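**Student:** Once you've had a glance at the structure underneath, I'll fire off some questions.
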Amino acid sequence: MTPPTHLLPALLAATLALALTAPEARATNGAARPALIPAPVSLRPLPGRFALDARVRLRVPASDAGALRVAGYLRGLLARTRGLRLAAPTSSATDGAAIRFLRHAAPLGGPESYRLRIGPHGATIEAATDAGLLYGAISLWQLLPIDTTSPVPTAATRRFLPALVIDDAPRFRWRGLLLDSVRHYQSPAVIRRFIDAMALVKLNVLHWHLTDDQGWRLAVPRAPRLTAVGAWRLPAGRAAARDLDPRTHAPRLYGGFYDAREVRALVAYAAARNVTLVPEIEMPGHALAALVAYPRLAAVATVPQAVPSDWGIYAYPFNIDEATFGFLDQVMDEVLRLFPSPYVHIGGDEVDPAQWAASPEVQERARALGIADPGGIAAYFEQRMGRYLIAHGRRPVGWDETLRPGLSRRAVIMSWHGTTGAIAAAVRGNDAVIAAWPTLYFDNRQSDGSFEPPGRGRVVRLRDLYAFEPLPEHLPAALRAHILGVQGNAWSEYLRTPGQLFEMSFPRAAALAEIGWSPRGRRDWPSFERRLVSLERHYRRLGIDYSPTLYRVRSYARYDRQKAQARITLRTQGGYGRIRYRLDGGTPDTHSPIYRRPLRVDLPARLRAADFAQGAAIGPLFDRYFSLATAQHRSSQQLTLCSERLPLNVEDDAPIVGSRARFLLDIENPCWIYPHADLDAAQRLRVAVGQIPFNFQIGADRDDIHLPAPPPGSAGELQVRLDGCRGPMLARLPLAPAVANDGVTELAAVPIGGVHGRHDLCLRFAERGLDPMWAIDWIELDRRPPTSRSLAP
């Protein structure tokens, strides 16, 4: 229909205004659209809205302890994040608006389904189970906007909930995260906060990795040395060796463990949030901490005398004699006593059979059992322990290496080699969980920025994770029924602090939650980006650390030295929102200029910027000083690795307390390329270096690491070559000034005049051994006269 002529100018003006409106303003208008993560199965808007203030009551059925607990949980969330102080839940009839919890089977069915109905006079949450009531309450809480104008919750503002009906239920019943408490120990308080963050997006399984080569974290009263000895290790590196314990005057040991009281408290805390704690006791490999504590359990006569601090795989499996199985039965007795979970994970991955093959006793035992090969020994071990669990009413879970002939149909396969193991398990009739490397491994970096926490060198963006689809389209329905769900794995070799753990896990966990909960057709990346803004505001209100990488502004500059100018391009990883900036040193806000195209600025210049949407900044402040002097400064993360055999973004081992530098390197080929270095603009070369302990168990690959030989009698040097690693030598920087410094050292600058044009620079260390391994922190080409200084650790 054509509008009346007299309305055309107004319509044209309105259309133009909308076209010119900043995306953050449009998103503000769109914020009324429900920002739920994970996206629900069905959401039907209704007319009107519900005003939520302190007069609203929480109504629960009489004598319903579960509903009372969920109502109390919602009340606490509203107080902490919105400043709303609602009265305690009651089963008494009350006048006025209320949020009612009702025990009815939700239309979609299933133990976690719910219906949420919001109208002008109140809200009702209907579910047959505590889990459904909880998830309905969490959806209601997410729907309530956060006041972005106040950094703290306040009760002064009236809040409104949109009128709607949500019918919801999960796609998968297993929606989990693995928490590795072995490589780095987390306190019970940290684990509670981790569980809290999981529950907010309806994740329901915490796979708790409690034992490995580098530690044993579960107290077993009948085997006290497992924690008295196995829970403690000396961290790798010189800095740790010099950190003396004032009580013993020996190097301070790292570690910790969880006793029965702490475990029971965590199990109960998780259960109240519909999170099941699934313990993992690794066997038959990844067992060295237990073997150090009880050497008689080993397949060899001699084992190391201390729990190791190297990352990687050790070739020390458990023995297969009856005494060892009797010991492990006692361990499992304690596990079953503490964990009511229907599942118990027994590992089964990366078992090195060499010690079994070399042991006459093990071979004799294998022949008596009719086992002809080492793989059969692993299968016998895993399946025997699996039968023990089944006999006690539990289901064994194992990594996909445990999918061997003879495996009980009751066993669950956790597929980490992509989805292949899960599909093979389903074909065989076993249930499976998909925890696929590398996409669902949360120790991979989320971008190539120098700001990322330590971890593996591979980059898995949030969008890559969100796009992961666990079920191939061709998979028949009968096999799909065997896929219990999905899991992300937060391995902690490189995640030393709680902040690093959380930053690598969230908001990745939110993307995983949507994979595990929402129907495939409901997943939509642009919608997720918009909805994630609201969730991250919730994180901030609750004190949950998370990665801001998606909305972080990054810069890419091209310099014109003749005009002393730079052309600066700004972007974010996701592209959602609108970048606003300032060049006057002020902090950008919603009135600051919008970034529309690359900026051409006179140097030097200070640029500050942030990503804005939904009426406020959604990413961290970008603040950088641009000058010709720093135009050719590069961190290790901005260099190109010569190879990616085993790339890591590793943290320095010093200082003991405080922030540490991070180095990107390939530990199997420590070599970097500075591409297209402008040597016309450089008179000298400055480099800062660090050294890390080579605490990596990489087997025979270690023998293939070849480093240039250092000059005779020297402590080593950094060699810089032109146009590839076999090109002419441009510079040699002696390492002697850095040898005694545990932290980062800026080496003495060296002149590089007389070379012209753009060249690729190859940087390699000439050293006598791998431990410690040297790494580049940063490199800079400039025109200033040579100086030298050392940076304290």
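Note on naming: chains are A, B, ... as they come in the structure tokens, residues start from 1 per chain, ligands start from 1 in the order shown.
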Among segment 41-237 of chain A, which ones does DSSP assign to strand (DSSP E or B) (computed from the backbone)? Answer as an NGL selection string.
**Tutor:** :A and (42-52 or 57-59 or 90 or 98-103 or 114-119 or 122-127 or 159-168 or 174-180 or 205-209 or 211-212 or 215-216 or 218 or 232-233)
**Student:** So that I can see what lies close to segment 597-605 of chain A, please list as a list of chain:residue names the residues with an atom at most 6 Å from it, counting only C-alpha atoms and leaving out residues fewer than 2 positions away in the same chain.
**Tutor:**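 In the requested form, the answer reads A:Ala564, A:Gln565, A:Ala566, A:Arg567, A:Ile568, A:Thr569, A:Tyr625, A:Phe626, A:Ser627.
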**Student:** Which residues come within 7 Å of segment 253-264 of chain A, counting only C-alpha atoms, excluding same-chain residues fewer than 3 positions away, as a list in words?
**Tutor:**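 Contacts, with the query itself left out: Tyr185, Arg217, Leu218, Ala219, Thr227, Ala231, Trp232, Arg233, Leu234, Pro235, Val267, Ala268 and Leu338 of chain A.
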**Student:** Skipping near chain neighbours, those fewer than 6 positions away, what residues fall within 8 Å of Arg606 of chain A using only C-alpha atoms, listed as an MDAnalysis selection string?
**Tutor:** chainID A and resid 583:585 623:626
**Student:** Rounded to one decimal, what separation in Å do you get between atom CA of Glu452 of chain A and atom CA of Leu621 of chain A?
**Tutor:**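 Interatomic distance here is 15.3 Å.
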**Student:** Between atom CA of Ala609 of chain A and atom CA of Ile779 of chain A, what is the distance in Å, rounded to a tenth?
**Tutor:** 25.5 Å
**Student:** Find the residues near Pro670 of chain A: any atom within 12 Å, counting only C-alpha atoms, skip ones fewer than 2 places away on the same chain, and give them as a PyMOL selection string.
**Tutor:** chain A and resi 636+640-648+663-668+672-673+691-692+694+705-708+718-719+725+762-767+770+773-776
**Student:** May I have the selected residues written with N, CA and C atoms, as a JSON list (two decimals), in the first residue's frame?
**Tutor:**
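Generated file (again21.json):
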```json
[["chain", "number", "residue", "atom", "x", "y", "z"],
["A", 636, "SER", "N", 56.20, -11.05, 20.65],
["A", 636, "SER", "CA", 56.38, -12.39, 20.07],
["A", 636, "SER", "C", 55.10, -12.86, 19.39],
["A", 640, "THR", "N", 55.92, -14.11, 13.31],
["A", 640, "THR", "CA", 55.47, -15.35, 12.68],
["A", 640, "THR", "C", 56.39, -16.48, 13.12],
["A", 641, "LEU", "N", 55.82, -17.56, 13.59],
["A", 641, "LEU", "CA", 56.65, -18.71, 13.95],
["A", 641, "LEU", "C", 57.16, -19.39, 12.69],
["A", 642, "CYS", "N", 58.40, -19.85, 12.75],
["A", 642, "CYS", "CA", 58.98, -20.54, 11.60],
["A", 642, "CYS", "C", 58.26, -21.85, 11.32],
["A", 643, "SER", "N", 57.67, -22.44, 12.34],
["A", 643, "SER", "CA", 56.92, -23.68, 12.18],
["A", 643, "SER", "C", 55.90, -23.74, 13.31],
["A", 644, "GLU", "N", 54.98, -24.68, 13.22],
["A", 644, "GLU", "CA", 53.97, -24.86, 14.27],
["A", 644, "GLU", "C", 53.88, -26.33, 14.63],
["A", 645, "ARG", "N", 55.02, -26.89, 15.01],
["A", 645, "ARG", "CA", 55.03, -28.29, 15.43],
["A", 645, "ARG", "C", 54.37, -28.46, 16.79],
["A", 646, "LEU", "N", 54.71, -27.58, 17.74],
["A", 646, "LEU", "CA", 54.05, -27.57, 19.05],
["A", 646, "LEU", "C", 54.05, -26.13, 19.56],
["A", 647, "PRO", "N", 53.20, -25.28, 19.00],
["A", 647, "PRO", "CA", 53.20, -23.86, 19.40],
["A", 647, "PRO", "C", 52.50, -23.67, 20.73],
["A", 648, "LEU", "N", 53.11, -22.86, 21.58],
["A", 648, "LEU", "CA", 52.55, -22.55, 22.90],
["A", 648, "LEU", "C", 52.67, -21.06, 23.16],
["A", 663, "PHE", "N", 55.18, -15.60, 26.19],
["A", 663, "PHE", "CA", 55.97, -15.75, 24.98],
["A", 663, "PHE", "C", 55.29, -16.74, 24.05],
["A", 664, "LEU", "N", 55.14, -16.37, 22.79],
["A", 664, "LEU", "CA", 54.66, -17.31, 21.79],
["A", 664, "LEU", "C", 55.86, -17.96, 21.12],
["A", 665, "LEU", "N", 55.91, -19.27, 21.20],
["A", 665, "LEU", "CA", 57.02, -19.99, 20.56],
["A", 665, "LEU", "C", 56.60, -21.41, 20.25],
["A", 666, "ASP", "N", 57.33, -22.00, 19.31],
["A", 666, "ASP", "CA", 57.19, -23.42, 19.01],
["A", 666, "ASP", "C", 58.30, -24.11, 19.79],
["A", 667, "ILE", "N", 57.93, -24.87, 20.82],
["A", 667, "ILE", "CA", 58.96, -25.43, 21.69],
["A", 667, "ILE", "C", 59.77, -26.51, 20.97],
["A", 668, "GLU", "N", 59.28, -27.03, 19.85],
["A", 668, "GLU", "CA", 60.06, -28.01, 19.10],
["A", 668, "GLU", "C", 60.89, -27.36, 18.01],
["A", 672, "TRP", "N", 61.63, -17.51, 15.06],
["A", 672, "TRP", "CA", 60.64, -16.50, 14.74],
["A", 672, "TRP", "C", 61.02, -15.76, 13.47],
["A", 673, "ILE", "N", 60.02, -15.27, 12.75],
["A", 673, "ILE", "CA", 60.22, -14.43, 11.58],
["A", 673, "ILE", "C", 59.57, -13.07, 11.82],
["A", 691, "GLN", "N", 63.49, -16.54, 29.58],
["A", 691, "GLN", "CA", 63.85, -17.97, 29.55],
["A", 691, "GLN", "C", 62.82, -18.74, 30.36],
["A", 692, "ILE", "N", 62.44, -19.89, 29.84],
["A", 692, "ILE", "CA", 61.45, -20.73, 30.50],
["A", 692, "ILE", "C", 62.03, -22.11, 30.73],
["A", 694, "PHE", "N", 62.30, -25.96, 30.36],
["A", 694, "PHE", "CA", 61.81, -26.90, 29.35],
["A", 694, "PHE", "C", 61.19, -28.08, 30.08],
["A", 705, "ILE", "N", 64.88, -31.68, 18.13],
["A", 705, "ILE", "CA", 65.04, -30.23, 18.29],
["A", 705, "ILE", "C", 66.51, -29.89, 18.10],
["A", 706, "HIS", "N", 66.81, -29.12, 17.08],
["A", 706, "HIS", "CA", 68.20, -28.78, 16.76],
["A", 706, "HIS", "C", 68.38, -27.26, 16.83],
["A", 707, "LEU", "N", 69.31, -26.82, 17.67],
["A", 707, "LEU", "CA", 69.59, -25.41, 17.86],
["A", 707, "LEU", "C", 70.97, -25.08, 17.32],
["A", 708, "PRO", "N", 71.17, -23.85, 16.82],
["A", 708, "PRO", "CA", 72.52, -23.46, 16.40],
["A", 708, "PRO", "C", 73.49, -23.53, 17.58],
["A", 718, "LEU", "N", 71.56, -14.56, 20.63],
["A", 718, "LEU", "CA", 70.45, -14.49, 19.70],
["A", 718, "LEU", "C", 71.01, -14.11, 18.35],
["A", 719, "GLN", "N", 70.72, -14.92, 17.35],
["A", 719, "GLN", "CA", 71.21, -14.68, 16.00],
["A", 719, "GLN", "C", 70.06, -14.17, 15.13],
["A", 725, "CYS", "N", 66.32, -18.16, 7.51],
["A", 725, "CYS", "CA", 67.22, -18.62, 8.57],
["A", 725, "CYS", "C", 68.54, -19.14, 8.05],
["A", 762, "CYS", "N", 65.02, -13.50, 10.45],
["A", 762, "CYS", "CA", 64.90, -14.78, 11.17],
["A", 762, "CYS", "C", 65.64, -14.66, 12.50],
["A", 763, "LEU", "N", 64.94, -15.00, 13.60],
["A", 763, "LEU", "CA", 65.53, -14.91, 14.93],
["A", 763, "LEU", "C", 65.61, -16.31, 15.53],
["A", 764, "ARG", "N", 66.82, -16.71, 15.90],
["A", 764, "ARG", "CA", 67.02, -18.01, 16.54],
["A", 764, "ARG", "C", 68.08, -17.84, 17.64],
["A", 765, "PHE", "N", 67.92, -18.66, 18.68],
["A", 765, "PHE", "CA", 68.89, -18.65, 19.78],
["A", 765, "PHE", "C", 69.92, -19.74, 19.56],
["A", 766, "ALA", "N", 71.18, -19.37, 19.71],
["A", 766, "ALA", "CA", 72.26, -20.35, 19.73],
["A", 766, "ALA", "C", 72.56, -20.65, 21.19],
["A", 767, "GLU", "N", 72.30, -21.87, 21.62],
["A", 767, "GLU", "CA", 72.47, -22.24, 23.02],
["A", 767, "GLU", "C", 72.91, -23.70, 23.12],
["A", 770, "LEU", "N", 68.48, -27.35, 25.93],
["A", 770, "LEU", "CA", 67.09, -26.92, 25.84],
["A", 770, "LEU", "C", 66.57, -26.33, 27.14],
["A", 773, "MET", "N", 64.91, -22.84, 28.03],
["A", 773, "MET", "CA", 64.72, -22.47, 26.63],
["A", 773, "MET", "C", 64.49, -20.96, 26.55],
["A", 774, "TRP", "N", 65.22, -20.33, 25.65],
["A", 774, "TRP", "CA", 65.11, -18.89, 25.50],
["A", 774, "TRP", "C", 63.93, -18.55, 24.58],
["A", 775, "ALA", "N", 63.35, -17.37, 24.81],
["A", 775, "ALA", "CA", 62.19, -16.95, 24.04],
["A", 775, "ALA", "C", 62.25, -15.44, 23.80],
["A", 776, "ILE", "N", 61.66, -15.01, 22.70],
["A", 776, "ILE", "CA", 61.54, -13.58, 22.39],
["A", 776, "ILE", "C", 60.34, -13.01, 23.16]]
```
**Student:** Do a neighbour search on segment 732-738 of chain A at 12 Å with only C-alpha atoms, toss out local chain neighbours closer than 6 positions, and write the hits as a PyMOL selection string.
**Tutor:** chain A and resi 684-691+710-711+713-721+744-752+762-768+772-776+779+788-793
**Student:** Give me a file of those residues, with N, CA and C atoms, as a CSV table (one decimal), in the first residue's frame.
**Tutor:**
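Output saved as out22.csv:
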```
chain,number,residue,atom,x,y,z
A,684,ARG,N,69.3,0.5,14.6
A,684,ARG,CA,69.7,-0.4,15.6
A,684,ARG,C,68.6,-1.4,15.9
A,685,LEU,N,69.0,-2.5,16.5
A,685,LEU,CA,68.0,-3.5,16.8
A,685,LEU,C,68.0,-3.7,18.3
A,686,ARG,N,66.8,-3.7,18.9
A,686,ARG,CA,66.6,-3.9,20.3
A,686,ARG,C,65.7,-5.1,20.5
A,687,VAL,N,66.0,-6.0,21.5
A,687,VAL,CA,65.3,-7.2,21.7
A,687,VAL,C,65.2,-7.4,23.2
A,688,ALA,N,64.1,-7.8,23.7
A,688,ALA,CA,63.9,-8.3,25.1
A,688,ALA,C,63.6,-9.8,25.0
A,689,VAL,N,64.3,-10.5,25.9
A,689,VAL,CA,64.2,-12.0,25.9
A,689,VAL,C,63.9,-12.5,27.3
A,690,GLY,N,63.4,-13.7,27.4
A,690,GLY,CA,63.1,-14.4,28.6
A,690,GLY,C,63.5,-15.8,28.5
A,691,GLN,N,63.5,-16.5,29.6
A,691,GLN,CA,63.8,-18.0,29.6
A,691,GLN,C,62.8,-18.7,30.4
A,710,PRO,N,76.4,-22.2,20.0
A,710,PRO,CA,76.9,-20.9,20.4
A,710,PRO,C,78.4,-20.8,20.2
A,711,PRO,N,78.9,-19.6,20.2
A,711,PRO,CA,80.3,-19.4,20.1
A,711,PRO,C,81.0,-20.1,21.3
A,713,GLY,N,82.8,-20.8,24.6
A,713,GLY,CA,83.0,-20.1,25.8
A,713,GLY,C,81.9,-19.1,26.1
A,714,SER,N,80.9,-19.0,25.2
A,714,SER,CA,79.8,-18.0,25.5
A,714,SER,C,78.6,-18.6,26.2
A,715,ALA,N,77.8,-17.8,26.7
A,715,ALA,CA,76.5,-18.2,27.4
A,715,ALA,C,75.4,-18.3,26.3
A,716,GLY,N,75.7,-18.2,25.1
A,716,GLY,CA,74.7,-18.3,24.0
A,716,GLY,C,74.5,-16.9,23.4
A,717,GLU,N,73.7,-16.8,22.3
A,717,GLU,CA,73.5,-15.6,21.7
A,717,GLU,C,72.2,-15.7,20.9
A,718,LEU,N,71.6,-14.6,20.6
A,718,LEU,CA,70.4,-14.5,19.7
A,718,LEU,C,71.0,-14.1,18.3
A,719,GLN,N,70.7,-14.9,17.3
A,719,GLN,CA,71.2,-14.7,16.0
A,719,GLN,C,70.1,-14.2,15.1
A,720,VAL,N,70.3,-13.1,14.4
A,720,VAL,CA,69.3,-12.5,13.5
A,720,VAL,C,69.9,-12.5,12.1
A,721,ARG,N,69.2,-13.2,11.2
A,721,ARG,CA,69.6,-13.4,9.8
A,721,ARG,C,68.6,-12.7,8.9
A,744,VAL,N,62.3,-10.9,32.4
A,744,VAL,CA,62.6,-10.5,31.0
A,744,VAL,C,63.8,-9.5,31.1
A,745,THR,N,64.7,-9.6,30.1
A,745,THR,CA,65.9,-8.8,30.0
A,745,THR,C,65.9,-8.1,28.6
A,746,GLU,N,66.1,-6.8,28.6
A,746,GLU,CA,66.4,-6.2,27.3
A,746,GLU,C,67.9,-6.2,27.1
A,747,LEU,N,68.2,-6.9,26.0
A,747,LEU,CA,69.6,-7.1,25.6
A,747,LEU,C,70.2,-5.7,25.1
A,748,ALA,N,71.5,-5.7,25.1
A,748,ALA,CA,72.2,-4.5,24.6
A,748,ALA,C,71.9,-4.3,23.2
A,749,ALA,N,71.4,-3.1,22.8
A,749,ALA,CA,71.1,-2.8,21.4
A,749,ALA,C,72.3,-2.9,20.5
A,750,VAL,N,72.1,-3.4,19.3
A,750,VAL,CA,73.2,-3.5,18.3
A,750,VAL,C,72.9,-2.7,17.1
A,751,PRO,N,73.9,-2.0,16.5
A,751,PRO,CA,73.7,-1.3,15.2
A,751,PRO,C,73.4,-2.2,14.0
A,752,ILE,N,72.6,-1.8,13.1
A,752,ILE,CA,72.3,-2.6,11.9
A,752,ILE,C,72.3,-1.7,10.7
A,762,CYS,N,65.0,-13.5,10.5
A,762,CYS,CA,64.9,-14.8,11.2
A,762,CYS,C,65.6,-14.7,12.5
A,763,LEU,N,64.9,-15.0,13.6
A,763,LEU,CA,65.5,-14.9,14.9
A,763,LEU,C,65.6,-16.3,15.5
A,764,ARG,N,66.8,-16.7,15.9
A,764,ARG,CA,67.0,-18.0,16.5
A,764,ARG,C,68.1,-17.8,17.6
A,765,PHE,N,67.9,-18.7,18.7
A,765,PHE,CA,68.9,-18.6,19.8
A,765,PHE,C,69.9,-19.7,19.6
A,766,ALA,N,71.2,-19.4,19.7
A,766,ALA,CA,72.3,-20.3,19.7
A,766,ALA,C,72.6,-20.7,21.2
A,767,GLU,N,72.3,-21.9,21.6
A,767,GLU,CA,72.5,-22.2,23.0
A,767,GLU,C,72.9,-23.7,23.1
A,768,ARG,N,73.4,-24.1,24.3
A,768,ARG,CA,74.0,-25.4,24.5
A,768,ARG,C,73.0,-26.5,24.8
A,772,PRO,N,67.4,-24.0,30.4
A,772,PRO,CA,66.2,-23.3,30.0
A,772,PRO,C,66.1,-23.0,28.5
A,773,MET,N,64.9,-22.8,28.0
A,773,MET,CA,64.7,-22.5,26.6
A,773,MET,C,64.5,-21.0,26.6
A,774,TRP,N,65.2,-20.3,25.7
A,774,TRP,CA,65.1,-18.9,25.5
A,774,TRP,C,63.9,-18.5,24.6
A,775,ALA,N,63.4,-17.4,24.8
A,775,ALA,CA,62.2,-16.9,24.0
A,775,ALA,C,62.2,-15.4,23.8
A,776,ILE,N,61.7,-15.0,22.7
A,776,ILE,CA,61.5,-13.6,22.4
A,776,ILE,C,60.3,-13.0,23.2
A,779,ILE,N,60.7,-7.3,20.0
A,779,ILE,CA,61.8,-6.8,19.1
A,779,ILE,C,61.4,-5.5,18.6
A,788,SER,N,71.4,0.1,26.9
A,788,SER,CA,71.0,-1.2,27.4
A,788,SER,C,70.5,-1.1,28.8
A,789,ARG,N,69.5,-1.9,29.2
A,789,ARG,CA,69.0,-1.9,30.5
A,789,ARG,C,68.4,-3.3,30.8
A,790,SER,N,68.2,-3.6,32.0
A,790,SER,CA,67.6,-4.9,32.4
A,790,SER,C,66.3,-4.7,33.1
A,791,LEU,N,65.3,-5.5,32.8
A,791,LEU,CA,64.0,-5.4,33.4
A,791,LEU,C,64.0,-6.4,34.6
A,792,ALA,N,63.6,-5.9,35.8
A,792,ALA,CA,63.6,-6.8,36.9
A,792,ALA,C,62.5,-7.8,36.8
A,793,PRO,N,62.7,-9.0,37.4
A,793,PRO,CA,61.7,-10.1,37.2
A,793,PRO,C,60.4,-9.7,37.9
```
